[in-house]
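Structure file input-v8.pdb (PDB, C-alpha atoms) is printed below.
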```
ATOM      1  CA  MET A   1       4.226  21.043  -9.481
ATOM      2  CA  SER A   2       5.968  20.566 -12.811
ATOM      3  CA  ASP A   3       5.620  17.492 -15.034
ATOM      4  CA  ASN A   4       9.228  16.587 -14.250
ATOM      5  CA  GLU A   5       8.580  16.658 -10.492
ATOM      6  CA  ILE A   6       5.539  14.419 -10.928
ATOM      7  CA  LYS A   7       7.551  11.882 -12.976
ATOM      8  CA  ASN A   8      10.119  11.584 -10.177
ATOM      9  CA  LYS A   9       7.557  10.825  -7.462
ATOM     10  CA  ARG A  10       6.425   7.395  -6.390
ATOM     11  CA  TRP A  11       2.767   6.643  -7.178
ATOM     12  CA  TYR A  12       1.761   7.038  -3.539
ATOM     13  CA  ASP A  13       3.565  10.352  -3.086
ATOM     14  CA  LEU A  14       1.127  12.107  -5.417
ATOM     15  CA  ASP A  15      -1.459  12.296  -2.610
ATOM     16  CA  PRO A  16      -0.373  13.242   0.939
ATOM     17  CA  THR A  17      -3.009  11.010   2.562
ATOM     18  CA  VAL A  18      -1.959   7.975   0.549
ATOM     19  CA  SER A  19       1.693   8.769   1.214
ATOM     20  CA  LEU A  20       1.067   8.921   4.964
ATOM     21  CA  ALA A  21      -0.844   5.624   4.893
ATOM     22  CA  VAL A  22       1.961   3.879   3.008
ATOM     23  CA  ASN A  23       4.596   5.337   5.336
ATOM     24  CA  LEU A  24       2.707   4.191   8.434
ATOM     25  CA  PHE A  25       2.159   0.778   6.835
ATOM     26  CA  GLU A  26       5.859   0.440   5.995
ATOM     27  CA  HIS A  27       6.994   1.274   9.534
ATOM     28  CA  ALA A  28       4.324  -0.652  11.449
ATOM     29  CA  ALA A  29       5.054  -3.711  13.582
ATOM     30  CA  ASP A  30       5.124  -6.958  11.614
ATOM     31  CA  ASN A  31       1.786  -8.214  12.961
ATOM     32  CA  VAL A  32       0.143  -4.874  12.107
ATOM     33  CA  LYS A  33       1.709  -4.945   8.639
ATOM     34  CA  MET A  34       0.257  -8.401   7.986
ATOM     35  CA  TYR A  35      -3.202  -7.309   9.141
ATOM     36  CA  ILE A  36      -3.060  -4.223   6.908
ATOM     37  CA  ALA A  37      -1.761  -6.195   3.930
ATOM     38  CA  ASN A  38      -4.630  -8.664   4.213
ATOM     39  CA  TYR A  39      -7.084  -5.801   4.698
ATOM     40  CA  ILE A  40      -5.827  -3.936   1.604
ATOM     41  CA  ILE A  41      -6.070  -7.078  -0.522
ATOM     42  CA  GLU A  42      -9.568  -7.934   0.710
ATOM     43  CA  GLU A  43     -10.875  -4.378   0.379
ATOM     44  CA  ALA A  44      -9.336  -3.849  -3.053
ATOM     45  CA  LYS A  45     -10.930  -7.073  -4.290
ATOM     46  CA  ASN A  46     -14.258  -6.072  -2.717
ATOM     47  CA  ARG A  47     -13.978  -2.736  -4.527
ATOM     48  CA  GLY A  48     -13.479  -4.397  -7.898
ATOM     49  CA  ALA A  49      -9.688  -4.565  -8.250
ATOM     50  CA  ARG A  50      -8.266  -7.494 -10.181
ATOM     51  CA  LEU A  51      -4.571  -8.264 -10.238
ATOM     52  CA  ASN A  52      -2.544 -10.720 -12.302
ATOM     53  CA  LEU A  53       0.322 -11.789 -10.039
ATOM     54  CA  SER A  54       1.616 -14.486 -12.370
ATOM     55  CA  ARG A  55       3.647 -11.786 -14.138
ATOM     56  CA  LYS A  56       5.818 -11.273 -11.005
ATOM     57  CA  GLU A  57       7.613 -14.526 -11.777
ATOM     58  CA  ASN A  58       8.723 -13.117 -15.141
ATOM     59  CA  PHE A  59      10.870 -10.442 -13.517
ATOM     60  CA  ASP A  60      14.533 -11.353 -13.203
ATOM     61  CA  TYR A  61      16.074  -8.603 -11.139
ATOM     62  CA  VAL A  62      16.729  -7.789  -7.518
ATOM     63  CA  TRP A  63      13.734  -6.323  -5.725
ATOM     64  CA  LYS A  64      14.721  -3.302  -3.636
ATOM     65  CA  ARG A  65      11.492  -1.828  -2.282
ATOM     66  CA  TRP A  66      10.415  -2.507   1.310
ATOM     67  CA  GLN A  67       7.346  -4.435   0.198
ATOM     68  CA  ASP A  68       9.296  -6.754  -2.094
ATOM     69  CA  SER A  69      10.766  -8.859   0.708
ATOM     70  CA  ASP A  70       7.363 -10.409   1.481
ATOM     71  CA  GLU A  71       4.883 -11.687  -1.112
ATOM     72  CA  LYS A  72       1.856 -10.583   0.927
ATOM     73  CA  MET A  73       3.225  -7.016   1.238
ATOM     74  CA  PHE A  74       4.051  -6.997  -2.478
ATOM     75  CA  GLU A  75       0.531  -8.140  -3.349
ATOM     76  CA  ALA A  76      -1.066  -5.592  -1.015
ATOM     77  CA  MET A  77       0.895  -2.695  -2.483
ATOM     78  CA  GLU A  78       0.113  -3.812  -6.033
ATOM     79  CA  TYR A  79      -3.605  -3.891  -5.203
ATOM     80  CA  PHE A  80      -3.330  -0.547  -3.442
ATOM     81  CA  LYS A  81      -1.646   0.938  -6.505
ATOM     82  CA  ILE A  82      -4.316  -0.165  -9.005
ATOM     83  CA  ILE A  83      -7.490   0.913  -7.222
ATOM     84  CA  ASP A  84      -8.998   4.200  -8.355
ATOM     85  CA  LYS A  85      -8.118   7.495  -6.712
ATOM     86  CA  LYS A  86     -11.299   7.841  -4.638
ATOM     87  CA  LYS A  87     -11.077   4.280  -3.306
ATOM     88  CA  LYS A  88      -7.365   4.705  -2.640
ATOM     89  CA  LYS A  89      -8.032   7.823  -0.572
ATOM     90  CA  GLN A  90     -10.758   6.103   1.472
ATOM     91  CA  LEU A  91      -8.619   3.022   2.053
ATOM     92  CA  SER A  92      -5.724   5.290   3.093
ATOM     93  CA  LEU A  93      -7.897   6.968   5.712
ATOM     94  CA  GLU A  94      -8.947   3.553   7.027
ATOM     95  CA  ILE A  95      -5.308   2.409   7.254
ATOM     96  CA  ILE A  96      -4.240   5.596   9.055
ATOM     97  CA  ASP A  97      -7.133   5.271  11.482
ATOM     98  CA  TYR A  98      -6.372   1.604  12.188
ATOM     99  CA  ILE A  99      -2.663   2.208  12.832
ATOM    100  CA  ARG A 100      -3.354   5.197  15.085
ATOM    101  CA  ASN A 101      -5.880   3.159  17.077
ATOM    102  CA  VAL A 102      -3.390   0.305  17.479
ATOM    103  CA  LYS A 103      -0.674   2.712  18.643
ATOM    104  CA  ASN A 104      -3.039   4.424  21.108
ATOM    105  CA  LYS A 105      -4.125   1.071  22.478
ATOM    106  CA  PHE A 106      -0.566   0.165  23.478
ATOM    107  CA  ASN A 107       0.585   3.589  24.701
TER     108      ASN A 107
END
```
Kindly present the structure from the file in structure tokens form.
Amino acid sequence: MSDNEIKNKRWYDLDPTVSLAVNLFEHAADNVKMYIANYIIEEAKNRGARLNLSRKENFDYVWKRWQDSDEKMFEAMEYFKIIDKKKKKQLSLEIIDYIRNVKNKFN
């Protein structure tokens, strides 16, 4: 993959496991999304992540990403973004497993 291709990818598209977790998270039912958002925030904090959300108020433009319509989703994705690669991979596997288990439970 060239440097130019990497620059055009979203942060979560750089790893297929993380990309799948984010995609499943984005398209999950609202109650599942809220559970996952809270889980990401809690786990990221437990794994040492610290986030300064006061800076969000300084932005003065229209938010266009799926997670920007809800503060909890925004916070979860920001925490997910800042954790280190190994922790991000493990958390992604946990998210994928949770969503698959929820889907299997109702099918």
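Among the candidate residues A:Lys64, A:Arg47, A:Ile36, A:Ala28, the one lying nearest to Asp84 in chain A is A:Arg47, with distances computed using all atoms listed in the file.
Take CA of Ile95 in chain A and CA of Ala37 in chain A: the distance between them is 9.9 Å.
Take CA of Ile82 in chain A and CA of Asn52 in chain A: the distance between them is 11.2 Å.
Of note, CA of Asn46 in chain A and CA of Glu78 in chain A are spaced 14.9 Å apart.
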Using all atoms listed in the file, the shortest atom-to-atom distance to Lys88 in chain A among A:Met73, A:Ala44, A:Leu24, A:Ala29 belongs to A:Ala44
Hits from the PyMOL selection byres ((chain A and resi 79) around 9), listed as a ChimeraX atom specification:
/A:40-41,44-45,49-51,74-78,80-83
What's the 10 Å shell around Glu26 in chain A, counting all atoms listed in the file, without same-chain residues fewer than 6 positions away, as a list in words?
Leu20, Val32, Lys33, Trp66, Gln67 and Met73 of chain A
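Shortest atom-to-atom contact with Lys72 in chain A among A:Met34, A:Lys86, A:Glu43, A:Tyr98: A:Met34, counting all atoms listed in the file.
If all atoms listed in the file are the atoms counted, then among A:Tyr35, A:Asp70, A:Asp30, A:Ile96 the closest residue to Val18 in chain A is A:Ile96.
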